[in-house]
Amino acid sequence: MTAPEQETPDQAAGGTTGGSTGGSTGGGTAAAVRREDVGLDELRRRAEAKRDKAVYGQDSVIACDQVVRIFTADRVEVQALQGLDLLVRKGDLIALVGASGSGKSTLLNILAGLDTPTAGTATVAGCDLLGMNAKERLRYRREVVGFVWQQTARNLMPFLTAAQNVTLPMQLSGERWSAGRAARRSARAHELLDALGIDHLAGRRPAQLSGGEQQRVAIAVAMANNPSVVLADEPTGELDSETASSIFDAFRTVNRELGATVVIVTHDPMVAGEVRRTVAIRDGRTSSEVLRETLTDEHGRESTTEREYVMLDRTGRVQLPREFLAALGMEHRVAVDLAEDHIALRADDRGGDGS
Ligand SMILES: Nc1ncnc2c1ncn2[C@@H]1O[C@H](COP(=O)(O)OP(=O)(O)OP(=O)(O)O)[C@@H](O)[C@H]1O
Ligand SMILES: [Mg+2]
């Protein structure tokens, strides 16, 4: 689950004492006096503030906290992201699904460093996506993330061969040309193409490749500088289902064998059904997620269990499935009761506006 972890007592304590005693041995009394000076309530408040900062997204390579993105077109505001929370752990491969217009591409563009949030915080591999200057942003896009778009043509330079397309990002982010460096880059390009099963196509230009082959080259390009995270926006959208499946295998290779964390936006139920974690976005927020687990029984038979969870955000809000609300005629407000091991929601049976 992605619910923010609670602090350990050590972390909370570390938050209060850190930096206050100056490391003096036998300084317990002095520290205690100093603590008294600022007041216990104040210390608790500071500890909590520190704890929240330290804990949220601590083990995550992607951490979005209340991300908002508002577009203004023709003086009309569109809230594409409305306080989106998302944590993705290092080494994960997740699918992002949601209706058209729910904010998937907006989120991916932000994570790719191509757009900035209007509010909130977002970090990827320790880079603060709101705080980067132009130079840092360029380095971020070249080295920290790789991306693959739906349109095969957008991913590759048409006049370069597959191998040249893969070496290009290395040249752009690397030092000056030298024969040794060029040889190393070329070797890496071939290694990547080989890992994706297309090294025999290294000398072809995009126009001489099928859509699926082009997408696999695009994945190699995305991996050229060994990024922490690979983002893909509908990478199989233009492909038939068999080819789509081979592209998905390529992402799995990148994830398992080359160690990249992968986020794939997809409408393809097959892709969404194969990953361990599928996160759904609704109206600019993460609304639910499906976690899958494959278990092997004593006869070696595999079975997959699936469970859908609704996201609980940091302020305690949940977005309930529309069909559940419709089934019980719930709207506007619900009665909330605490039970021993669950919270019960009931339709407001008082009718009217209840005032
Ligand atoms: N540059 C922009 N200017 C104005 N509005 C925009 C802009 N980009 C996106 N939007 C709006 O933001 C909302 C989210 O768009 P987004 O492209 O993120 O959706 P999506 O989930 O990727 O949809 P799809 O599945 O159709 O690709 C939509 O209402 C869209 O019209
Ligand atoms: Mg989109």
# chains A, B, ... in the order shown; residues from 1 in each chain; ligands from 1
>>> residues_near_ligand(ligand="ligand 2", cutoff="9 Å", atoms="only C-alpha atoms and all ligand atoms", output="list of chain:residue names")
A:Ser100, A:Gly101, A:Ser102, A:Gly103, A:Lys104, A:Ser105, A:Thr106, A:Leu108, A:Asp233, A:Glu234, A:Val265, A:Thr266
>>> write_last_selection(atoms="N, CA and C atoms", output="PDB file, in the first residue's frame")
ATOM      1  N   SER A 100     -10.391   9.593 -20.422  1.00  0.00           N
ATOM      2  CA  SER A 100      -9.798  10.681 -21.191  1.00  0.00           C
ATOM      3  C   SER A 100     -10.047  11.998 -20.463  1.00  0.00           C
ATOM      4  N   GLY A 101      -8.993  12.800 -20.339  1.00  0.00           N
ATOM      5  CA  GLY A 101      -9.137  14.094 -19.670  1.00  0.00           C
ATOM      6  C   GLY A 101      -8.963  14.029 -18.162  1.00  0.00           C
ATOM      7  N   SER A 102      -8.628  12.854 -17.630  1.00  0.00           N
ATOM      8  CA  SER A 102      -8.510  12.741 -16.162  1.00  0.00           C
ATOM      9  C   SER A 102      -7.199  13.312 -15.629  1.00  0.00           C
ATOM     10  N   GLY A 103      -6.232  13.597 -16.520  1.00  0.00           N
ATOM     11  CA  GLY A 103      -4.999  14.237 -16.061  1.00  0.00           C
ATOM     12  C   GLY A 103      -3.745  13.379 -16.174  1.00  0.00           C
ATOM     13  N   LYS A 104      -3.832  12.249 -16.860  1.00  0.00           N
ATOM     14  CA  LYS A 104      -2.693  11.332 -16.944  1.00  0.00           C
ATOM     15  C   LYS A 104      -1.496  11.967 -17.651  1.00  0.00           C
ATOM     16  N   SER A 105      -1.752  12.548 -18.824  1.00  0.00           N
ATOM     17  CA  SER A 105      -0.633  13.138 -19.569  1.00  0.00           C
ATOM     18  C   SER A 105      -0.091  14.363 -18.853  1.00  0.00           C
ATOM     19  N   THR A 106      -0.984  15.103 -18.208  1.00  0.00           N
ATOM     20  CA  THR A 106      -0.537  16.278 -17.447  1.00  0.00           C
ATOM     21  C   THR A 106       0.450  15.838 -16.371  1.00  0.00           C
ATOM     22  N   LEU A 108       2.249  13.060 -16.343  1.00  0.00           N
ATOM     23  CA  LEU A 108       3.477  12.543 -16.943  1.00  0.00           C
ATOM     24  C   LEU A 108       4.384  13.665 -17.446  1.00  0.00           C
ATOM     25  N   ASP A 233       3.817   7.412 -22.179  1.00  0.00           N
ATOM     26  CA  ASP A 233       2.427   7.860 -22.308  1.00  0.00           C
ATOM     27  C   ASP A 233       1.773   7.102 -23.459  1.00  0.00           C
ATOM     28  N   GLU A 234       0.937   6.148 -23.158  1.00  0.00           N
ATOM     29  CA  GLU A 234       0.239   5.334 -24.160  1.00  0.00           C
ATOM     30  C   GLU A 234       1.206   4.775 -25.200  1.00  0.00           C
ATOM     31  N   VAL A 265       1.380   4.990 -18.801  1.00  0.00           N
ATOM     32  CA  VAL A 265      -0.023   5.382 -18.949  1.00  0.00           C
ATOM     33  C   VAL A 265      -0.615   4.516 -20.047  1.00  0.00           C
ATOM     34  N   THR A 266      -1.738   3.910 -19.780  1.00  0.00           N
ATOM     35  CA  THR A 266      -2.295   3.030 -20.804  1.00  0.00           C
ATOM     36  C   THR A 266      -3.817   2.946 -20.732  1.00  0.00           C
TER      37      THR A 266
END
>>> residues_near_ligand(ligand="ligand 1", cutoff="12 Å", atoms="only C-alpha atoms and all ligand atoms", output="PyMOL selection string")
chain A and resi 68-82+96-110+114-116+149-150+232-235+237+264-268+280-286
>>> residues_around(residues="Ser228 of chain A", least_positions_apart="6", cutoff="12 Å", atoms="only C-alpha atoms", output="MDAnalysis selection string")
chainID A and resid 60:62 88:92 111:112 124:127 140:147 222 254:255 258:263
>>> write_last_selection(atoms="C-alpha atoms", output="compact mmCIF listing (two decimals), in the first residue's frame")
# COMPACT_ATOMS: atom_id res chain seq x y z
CA SER A 60 9.93 6.52 -3.01
CA VAL A 61 11.63 7.42 -6.23
CA ILE A 62 8.54 9.41 -7.26
CA VAL A 88 6.16 5.07 -6.48
CA ARG A 89 8.86 2.92 -4.99
CA LYS A 90 12.22 2.33 -6.62
CA GLY A 91 12.09 -0.68 -8.91
CA ASP A 92 8.30 -0.61 -9.35
CA LEU A 111 7.23 14.05 -14.03
CA ALA A 112 9.13 14.33 -17.31
CA VAL A 124 11.73 12.35 -8.69
CA ALA A 125 14.95 10.62 -7.63
CA GLY A 126 15.52 13.40 -5.12
CA CYS A 127 15.08 16.21 -7.70
CA TYR A 140 17.08 16.21 -15.27
CA ARG A 141 15.41 15.52 -18.62
CA ARG A 142 18.57 14.07 -20.10
CA GLU A 143 19.80 11.96 -17.20
CA VAL A 144 17.19 11.32 -14.54
CA VAL A 145 14.13 10.45 -16.64
CA GLY A 146 13.58 8.84 -20.00
CA PHE A 147 10.28 8.99 -21.86
CA ALA A 222 14.86 6.42 -23.16
CA VAL A 254 13.98 -2.43 -18.70
CA ASN A 255 12.42 -2.69 -15.26
CA LEU A 258 18.16 -2.74 -16.27
CA GLY A 259 16.73 -1.57 -12.94
CA ALA A 260 14.60 1.39 -14.06
CA THR A 261 11.37 2.32 -12.29
CA VAL A 262 8.67 2.40 -14.97
CA VAL A 263 5.38 4.30 -15.14
>>> residues_around(residues="Thr315 of chain A", least_positions_apart="2", cutoff="12 Å", atoms="only C-alpha atoms", output="list in words")
Ala3, Pro4, Asp65, Gln66, Gly83, Leu84, Asp85, Met311, Leu312, Asp313, Arg317 and Val318 of chain A
>>> write_last_selection(atoms="C-alpha atoms", output="CSV table (one decimal), in the first residue's frame")
chain,number,residue,atom,x,y,z
A,3,ALA,CA,-0.5,5.1,2.6
A,4,PRO,CA,2.1,7.3,4.2
A,65,ASP,CA,2.2,15.5,-2.7
A,66,GLN,CA,-1.0,17.5,-3.4
A,83,GLY,CA,-4.2,17.8,-5.4
A,84,LEU,CA,-2.8,14.6,-6.7
A,85,ASP,CA,-0.8,12.3,-4.3
A,311,MET,CA,-6.9,6.1,-2.0
A,312,LEU,CA,-7.0,7.9,1.3
A,313,ASP,CA,-5.2,11.2,0.9
A,317,ARG,CA,-10.3,12.3,1.9
A,318,VAL,CA,-11.4,9.3,-0.1
>>> closest_residue(among="A:Leu291, A:Ala134, A:Ala220, A:Ala183", to="Gly273 of chain A", atoms="only C-alpha atoms")
A:Leu291
>>> atom_distance(atom1="atom CA of His190 of chain A", atom2="atom CA of Ala224 of chain A")
10.4 Å
>>> closest_residue(among="A:Gln151, A:His342, A:Pro169, A:Asp128", to="Leu239 of chain A", atoms="only C-alpha atoms")
A:Gln151
>>> select_by_dssp(residues="segment 36-224 of chain A", states="alpha helix (DSSP H)", output="PyMOL selection string")
chain A and resi 36-38+40-55+104-111+134-139+152-155+162-173+179-195+211-223
>>> atom_distance(atom1="atom CA of Gly211 of chain A", atom2="atom CA of Thr152 of chain A")
6.5 Å
